[in-house]
Amino acid sequence: MGMREYILKRVILIIPMLMGISFIVFMLMYLMPGDAVDLMLALQPDTDPAYVAHIKSIYGLDKPWYIQYFYWLKQFATFNLGSSFLSGRDVSEEIGARVVNTLSYQLLAVVFSIGVAIPAGIVSAVRQYSKTDNLVMTAALLGVSFPIFFLGLMNIFIFALILGWLPSGGAHSTVFLGKDIPHDFSYYFDYLKHLALPTLTLGLASTAYNARLVRSSMLNVLREDYIMTARAKGLKERIVIYKHALRNAMLPVITVTGMQIALTLGGAPITETVFSWPGLGKYFVYAIQHRDYFVIVGITVVLGTLILVANVLIDISYKWLDPRVEF
Amino acid sequence: MADNLLEIKGLRTYFYTEDGIVRALEGIDIHIEQGETLGLVGESGCGKTVTALSVLRLVPDPPGKIIDGEILFEGVNLLALSESDMRQIRGNDISMIFQDPQSALNPVYTVDNQLREVIELHQGLGKKEARQKAIEMLDLVGIPDPDARVDDFPHQFSGGMKQRVMIAMALSCNPKMLVADEPTTNLDVTVQAQVLDMINNLKRELGTTVLLITHNLGVIAEMSDHVGVMYAGRLVEYGEVDIVFHAPLHPYTIALHEAIPKVTEKKQKLGVIKGVVPNLIYPPSGCRFHPRCDFATEVCEKEQPNGEWIGDHYVECWHKREGTKL
Ligand SMILES: Nc1ncnc2c1ncn2[C@@H]1O[C@H](COP(=O)(O)OP(=O)(O)OP(=O)(O)O)[C@@H](O)[C@H]1O
Ligand SMILES: [Mg+2]
C-alpha cells in the first residue's frame, strides 16, 4: 500500500472512531445525575414543574439518551456541533476560542521534551555510568516519580512565588484583558510568559521519561553490528553516533511520543486547572460540572480528532525514518 | 621469513566485567605475509573475533582493553597511533567484514549511502564519482543490475547478496588487508561456496592480504596459505596449511581434525572434543588445554609450555605429537 492510500484509509477510519467515542461519551454523560436545566434551577426548587418540562423539551432533554445521540449525530454529519446550554453560543465557536491555547503549550511541551531528552539521552548512553549519566538519570528518575499536578505546584512555587519570574496562572495579564487590546509585541510576550509554566510542567514530565527511553534505545543500538561496521569504516565517532545510531534509536522514541500525545492531551484538564489556563481542558471540566452536554461531546470529538491526526503524522514520520516499514 | 604485512606480538586483550577479568587474549604472536590468506581456527570463545577487533582497535571499551603487546602493520605499531590516525587505517588500509550480514548493514540507509560514505571518506571523491565507484563495486561482487540495486535498502537483499554488499564496501577503498570474521557462517551452503570463491578471486585480482576467521577447517584448507589454531586465548599451533593439516603437532589440532566427519556436507560444530572451552575468567593453570588433553601430564598442569619453532611451523605443547599423519 502506498503512502497516499494509507493516509486516505486512516482519515476515513477517523469517522467511525469519532462515532464510537461520541456514543460512549453520550452514554456516560447521561449516567451522571441531573442535566443542565436541573443544575441551573437547583437553587429554585419551587419552579413550576410544567415550566421545567417545557424547557427540557425545547433542548430535547426529555428524550432518551440514544435518541438525543441520534439527533446530535445528524447535526454532526453537517459539521455542526450544536450550541452550549450555558452561553447559547455555538460549541464550535467556544472551542475555536480555546483550542489554540491548548495546542500552544501542548506542542511546545513536546518540542521541549524531545529537544532536551534527545541530547540528554545520547550523552547518558555514550558515557554510560559516568557522572553525567548518573546526574541525568537521577534527575529523570525524579521527573518520572512526580505526578503532573505536583510538578505544576512546585514550578509555581519556585518560579512564580519565590523567584517571581513568571506568572502563576491565566493566559494574559489583566492589562491585556478586555476589548480593543492591540495585538502587538508586548501582548504576545506577555502570552509567552504565561505559557512558560504550563509548557515547562508538561514538558518536564515527558522529558524525564523520554531521556530514559532515548538512553536505553541508544544503548541497544550501539551494540548492533552495523555500528561496528560504521566504526570499521574509519568514520568519526560523531558520525557513528549521530548518523548511524541516532536514527535507529529514534524509532521507539517516535512510537512512544505518539502514545504520549494522547496521554498529555488527555491530561489537559489537570494541567489547565493547575494553571487556570483558558484552554479546552479547563473548559471541559467546567462543562462537566454544568452538564453542558454538547460542549462535552464537542471537546471530546475535537481532542479525539487531534489525537488521531497526530498519530497519522507519527506513522508517516516513522515510515520516513525506517524504510523497512510497510503500511 | 617473507615480507610480513601484519605482525602481532604478545597481544593481551582483557575484558573487565562484573564477574571478573576475562583474559580473552593471553599473549598472542602471529604474523601474516604480504598477499597471503591466513586462516584462524578454534572453538567458539577462543578469541578469534577479539583478535580481529584488536587489530582494528575496535574492542568495545568498556569493558575491553588491549593491555599489552604490539600490532605492527607495515612496520608501524597500530597500538601507538592516535585515534585519528587509526581512523585513516580503518576501512582504507584494513577493512573488516562480519559474520552476520543481516545485521552488519544499517537498515535505515540505502546501499548507495553506505558505500559512498566510505569511498568519499578515504578516496576524497565527490558524490557523483563515489556513486559510480559504488556501482562498479557492486558489479565486481556479482550483484545483478547494480545501477538500480544501489538505491535499495539492505532489507531488499537476500543474505548472500548482503554479504556481497559488505564485501563490496570492505574492498571499495582497495585495502591492503581484509579481515573476514566467519564471512559465510550464516549463509546457505550453496551461497557459502559462491561467496568464498568470490573472496578468493578478488583477493587474487586485487592482491589483498586476507585474515580469514572460521570454524570450518574445510574452508581453511580451501582458502588459506597458513593457518593458526587458537585455544582459549592462545595461539597453540601455526604453520603452512598442508603441514598443519597433514602432520599436526598439537593434540588440540589433532582433536579438531578428528571431530569432523571425513565427508562433510553440513556446517559442523566442533563440539566433539571432550569437555568444554574453559571459562576465561579462571583459565586452567599451565597449558590451558591440559584438562581436555589425552596426553596431559603433571608439567602441563603446572607450567605454560614454551612455544617452539620448527622451521616455519610453530607449536606450543609439552608433548608435541611428532609423526602424526592425518
Ligand atoms: N564485550 C565482551 N565482554 C566480555 N567478554 C567478552 C566480550 N567480547 C568477547 N568476550 C570474551 O572473550 C572471549 C573470546 O571471544 P571471541 O568473541 O573472540 O570468541 P570467538 O573465537 O570469536 O568465538 P566464536 O567462534 O563464537 O565467534 C570469550 O570468552 C568471550 O566471552
Ligand atoms: Mg567470533
# chains A, B, ... in the order shown; residues from 1 in each chain; ligands from 1
$ interface_residues --of "chain A" --to "chain B" --cutoff "8 Å" --atoms "only C-alpha atoms" --output "JSON, numbers by chain"
{"A": [224, 225, 226, 227, 228, 229, 231, 232, 233, 234, 235, 236, 244, 247, 248, 321, 322, 323, 324]}
$ write_last_selection --atoms "C-alpha atoms" --output "PDB file, in the first residue's frame"
ATOM      1  CA  GLU A 224      24.322  -3.511  16.960  1.00  0.00           C
ATOM      2  CA  ASP A 225      26.671  -4.938  14.354  1.00  0.00           C
ATOM      3  CA  TYR A 226      26.133  -2.074  11.936  1.00  0.00           C
ATOM      4  CA  ILE A 227      27.646   0.304  14.491  1.00  0.00           C
ATOM      5  CA  MET A 228      30.775  -1.833  14.476  1.00  0.00           C
ATOM      6  CA  THR A 229      30.651  -1.736  10.663  1.00  0.00           C
ATOM      7  CA  ARG A 231      33.443   2.266  13.097  1.00  0.00           C
ATOM      8  CA  ALA A 232      35.369  -0.243  10.979  1.00  0.00           C
ATOM      9  CA  LYS A 233      34.938   2.106   8.027  1.00  0.00           C
ATOM     10  CA  GLY A 234      37.001   4.693   9.859  1.00  0.00           C
ATOM     11  CA  LEU A 235      34.114   7.086  10.462  1.00  0.00           C
ATOM     12  CA  LYS A 236      34.396   9.667  13.205  1.00  0.00           C
ATOM     13  CA  HIS A 244      24.178   5.623  12.214  1.00  0.00           C
ATOM     14  CA  ARG A 247      18.191   7.483  13.535  1.00  0.00           C
ATOM     15  CA  ASN A 248      17.708   3.875  14.600  1.00  0.00           C
ATOM     16  CA  LEU A 321      12.786   7.139   9.341  1.00  0.00           C
ATOM     17  CA  ASP A 322      12.553   3.406   8.765  1.00  0.00           C
ATOM     18  CA  PRO A 323      12.335   2.185   5.168  1.00  0.00           C
ATOM     19  CA  ARG A 324      11.500  -1.347   6.330  1.00  0.00           C
TER      20      ARG A 324
END
$ residues_around --residues "segment 195-202 of chain A" --least-positions-apart "3" --cutoff "8 Å" --atoms "only C-alpha atoms" --output "PyMOL selection string"
chain A and resi 104-106+108-109+112+148+151-152+155-156+166+168+171+191-192+205-206+264+271-272+275
$ residues_near_ligand --ligand "ligand 2" --cutoff "7 Å" --atoms "only C-alpha atoms and all ligand atoms" --output "number ranges by chain"
B: 44-45, 48-49, 181
$ write_last_selection --atoms "all heavy atoms" --output "PDB file, in the first residue's frame"
ATOM      1  N   SER B  44      34.421 -22.004  19.511  1.00  0.00           N
ATOM      2  CA  SER B  44      33.735 -20.783  19.898  1.00  0.00           C
ATOM      3  C   SER B  44      34.306 -20.256  21.219  1.00  0.00           C
ATOM      4  O   SER B  44      34.546 -21.017  22.147  1.00  0.00           O
ATOM      5  CB  SER B  44      32.256 -21.100  20.063  1.00  0.00           C
ATOM      6  OG  SER B  44      31.537 -19.921  20.102  1.00  0.00           O
ATOM      7  N   GLY B  45      34.567 -18.968  21.267  1.00  0.00           N
ATOM      8  CA  GLY B  45      35.014 -18.361  22.517  1.00  0.00           C
ATOM      9  C   GLY B  45      36.513 -18.398  22.727  1.00  0.00           C
ATOM     10  O   GLY B  45      36.997 -18.016  23.787  1.00  0.00           O
ATOM     11  N   LYS B  48      38.982 -15.565  18.575  1.00  0.00           N
ATOM     12  CA  LYS B  48      39.222 -15.220  17.171  1.00  0.00           C
ATOM     13  C   LYS B  48      38.716 -13.811  16.862  1.00  0.00           C
ATOM     14  O   LYS B  48      39.437 -12.991  16.290  1.00  0.00           O
ATOM     15  CB  LYS B  48      38.525 -16.241  16.258  1.00  0.00           C
ATOM     16  CG  LYS B  48      38.933 -17.680  16.531  1.00  0.00           C
ATOM     17  CD  LYS B  48      38.304 -18.645  15.550  1.00  0.00           C
ATOM     18  CE  LYS B  48      36.792 -18.751  15.640  1.00  0.00           C
ATOM     19  NZ  LYS B  48      36.282 -19.321  16.891  1.00  0.00           N
ATOM     20  N   THR B  49      37.470 -13.549  17.256  1.00  0.00           N
ATOM     21  CA  THR B  49      36.902 -12.233  16.965  1.00  0.00           C
ATOM     22  C   THR B  49      37.648 -11.140  17.718  1.00  0.00           C
ATOM     23  O   THR B  49      37.927 -10.069  17.177  1.00  0.00           O
ATOM     24  CB  THR B  49      35.411 -12.214  17.330  1.00  0.00           C
ATOM     25  OG1 THR B  49      34.744 -13.173  16.521  1.00  0.00           O
ATOM     26  CG2 THR B  49      34.799 -10.852  17.099  1.00  0.00           C
ATOM     27  N   ASP B 181      35.607 -12.120   9.374  1.00  0.00           N
ATOM     28  CA  ASP B 181      35.258 -12.898  10.566  1.00  0.00           C
ATOM     29  C   ASP B 181      34.070 -13.804  10.259  1.00  0.00           C
ATOM     30  O   ASP B 181      32.937 -13.358  10.237  1.00  0.00           O
ATOM     31  CB  ASP B 181      34.932 -11.948  11.727  1.00  0.00           C
ATOM     32  CG  ASP B 181      34.765 -12.702  13.043  1.00  0.00           C
ATOM     33  OD1 ASP B 181      34.893 -13.937  13.039  1.00  0.00           O
ATOM     34  OD2 ASP B 181      34.505 -12.045  14.066  1.00  0.00           O
TER      35      ASP B 181
END
$ select_by_dssp --residues "segment 166-268 of chain B" --states "alpha helix (DSSP H)" --output "ChimeraX atom specification"
/B:166-171,189-206,217-223,241-246,251-258
$ residues_near_ligand --ligand "ligand 1" --cutoff "10 Å" --atoms "only C-alpha atoms and all ligand atoms" --output "PyMOL selection string"
(chain A and resi 223) or (chain B and resi 13-25+40-54+59-64+99+181-182+185+213-215+230-233+269-270+277-281)
$ residues_around --residues "Val221 of chain A" --least-positions-apart "4" --cutoff "7 Å" --atoms "only C-alpha atoms" --output "number ranges by chain"
A: 217, 245, 248-249
$ write_last_selection --atoms "all heavy atoms" --output "PDB file, in the first residue's frame"
ATOM      1  N   SER A 217      17.373   3.078  24.414  1.00  0.00           N
ATOM      2  CA  SER A 217      17.284   2.763  22.990  1.00  0.00           C
ATOM      3  C   SER A 217      18.653   2.928  22.334  1.00  0.00           C
ATOM      4  O   SER A 217      19.104   2.096  21.543  1.00  0.00           O
ATOM      5  CB  SER A 217      16.256   3.697  22.359  1.00  0.00           C
ATOM      6  OG  SER A 217      16.206   3.532  20.989  1.00  0.00           O
ATOM      7  N   ALA A 245      23.659   5.690  14.586  1.00  0.00           N
ATOM      8  CA  ALA A 245      22.940   5.199  15.766  1.00  0.00           C
ATOM      9  C   ALA A 245      21.647   5.972  16.003  1.00  0.00           C
ATOM     10  O   ALA A 245      20.588   5.382  16.205  1.00  0.00           O
ATOM     11  CB  ALA A 245      23.842   5.275  16.996  1.00  0.00           C
ATOM     12  N   ASN A 248      18.298   5.138  14.156  1.00  0.00           N
ATOM     13  CA  ASN A 248      17.708   3.875  14.600  1.00  0.00           C
ATOM     14  C   ASN A 248      17.160   3.984  16.016  1.00  0.00           C
ATOM     15  O   ASN A 248      16.114   3.419  16.333  1.00  0.00           O
ATOM     16  CB  ASN A 248      18.743   2.758  14.531  1.00  0.00           C
ATOM     17  CG  ASN A 248      18.987   2.303  13.107  1.00  0.00           C
ATOM     18  OD1 ASN A 248      18.181   1.592  12.533  1.00  0.00           O
ATOM     19  ND2 ASN A 248      20.089   2.749  12.520  1.00  0.00           N
ATOM     20  N   ALA A 249      17.888   4.720  16.854  1.00  0.00           N
ATOM     21  CA  ALA A 249      17.456   4.843  18.248  1.00  0.00           C
ATOM     22  C   ALA A 249      16.182   5.663  18.373  1.00  0.00           C
ATOM     23  O   ALA A 249      15.450   5.551  19.359  1.00  0.00           O
ATOM     24  CB  ALA A 249      18.570   5.478  19.085  1.00  0.00           C
TER      25      ALA A 249
END
$ residues_around --residues "segment 54-62 of chain A" --least-positions-apart "2" --cutoff "12 Å" --atoms "only C-alpha atoms" --output "number ranges by chain"
A: 30, 34-38, 40-41, 47-52, 64-72, 82-86, 88, 291-294
$ select_by_dssp --residues "segment 52-180 of chain B" --states "strand (DSSP E)" --output "list in words"
Gly64, Lys65, Ile66, Ile67, Asp68, Gly69, Glu70, Ile71, Leu72, Phe73, Val76, Asn77, Ile94, Ser95, Met96, Ile97, Met177, Leu178, Val179 and Ala180 of chain B
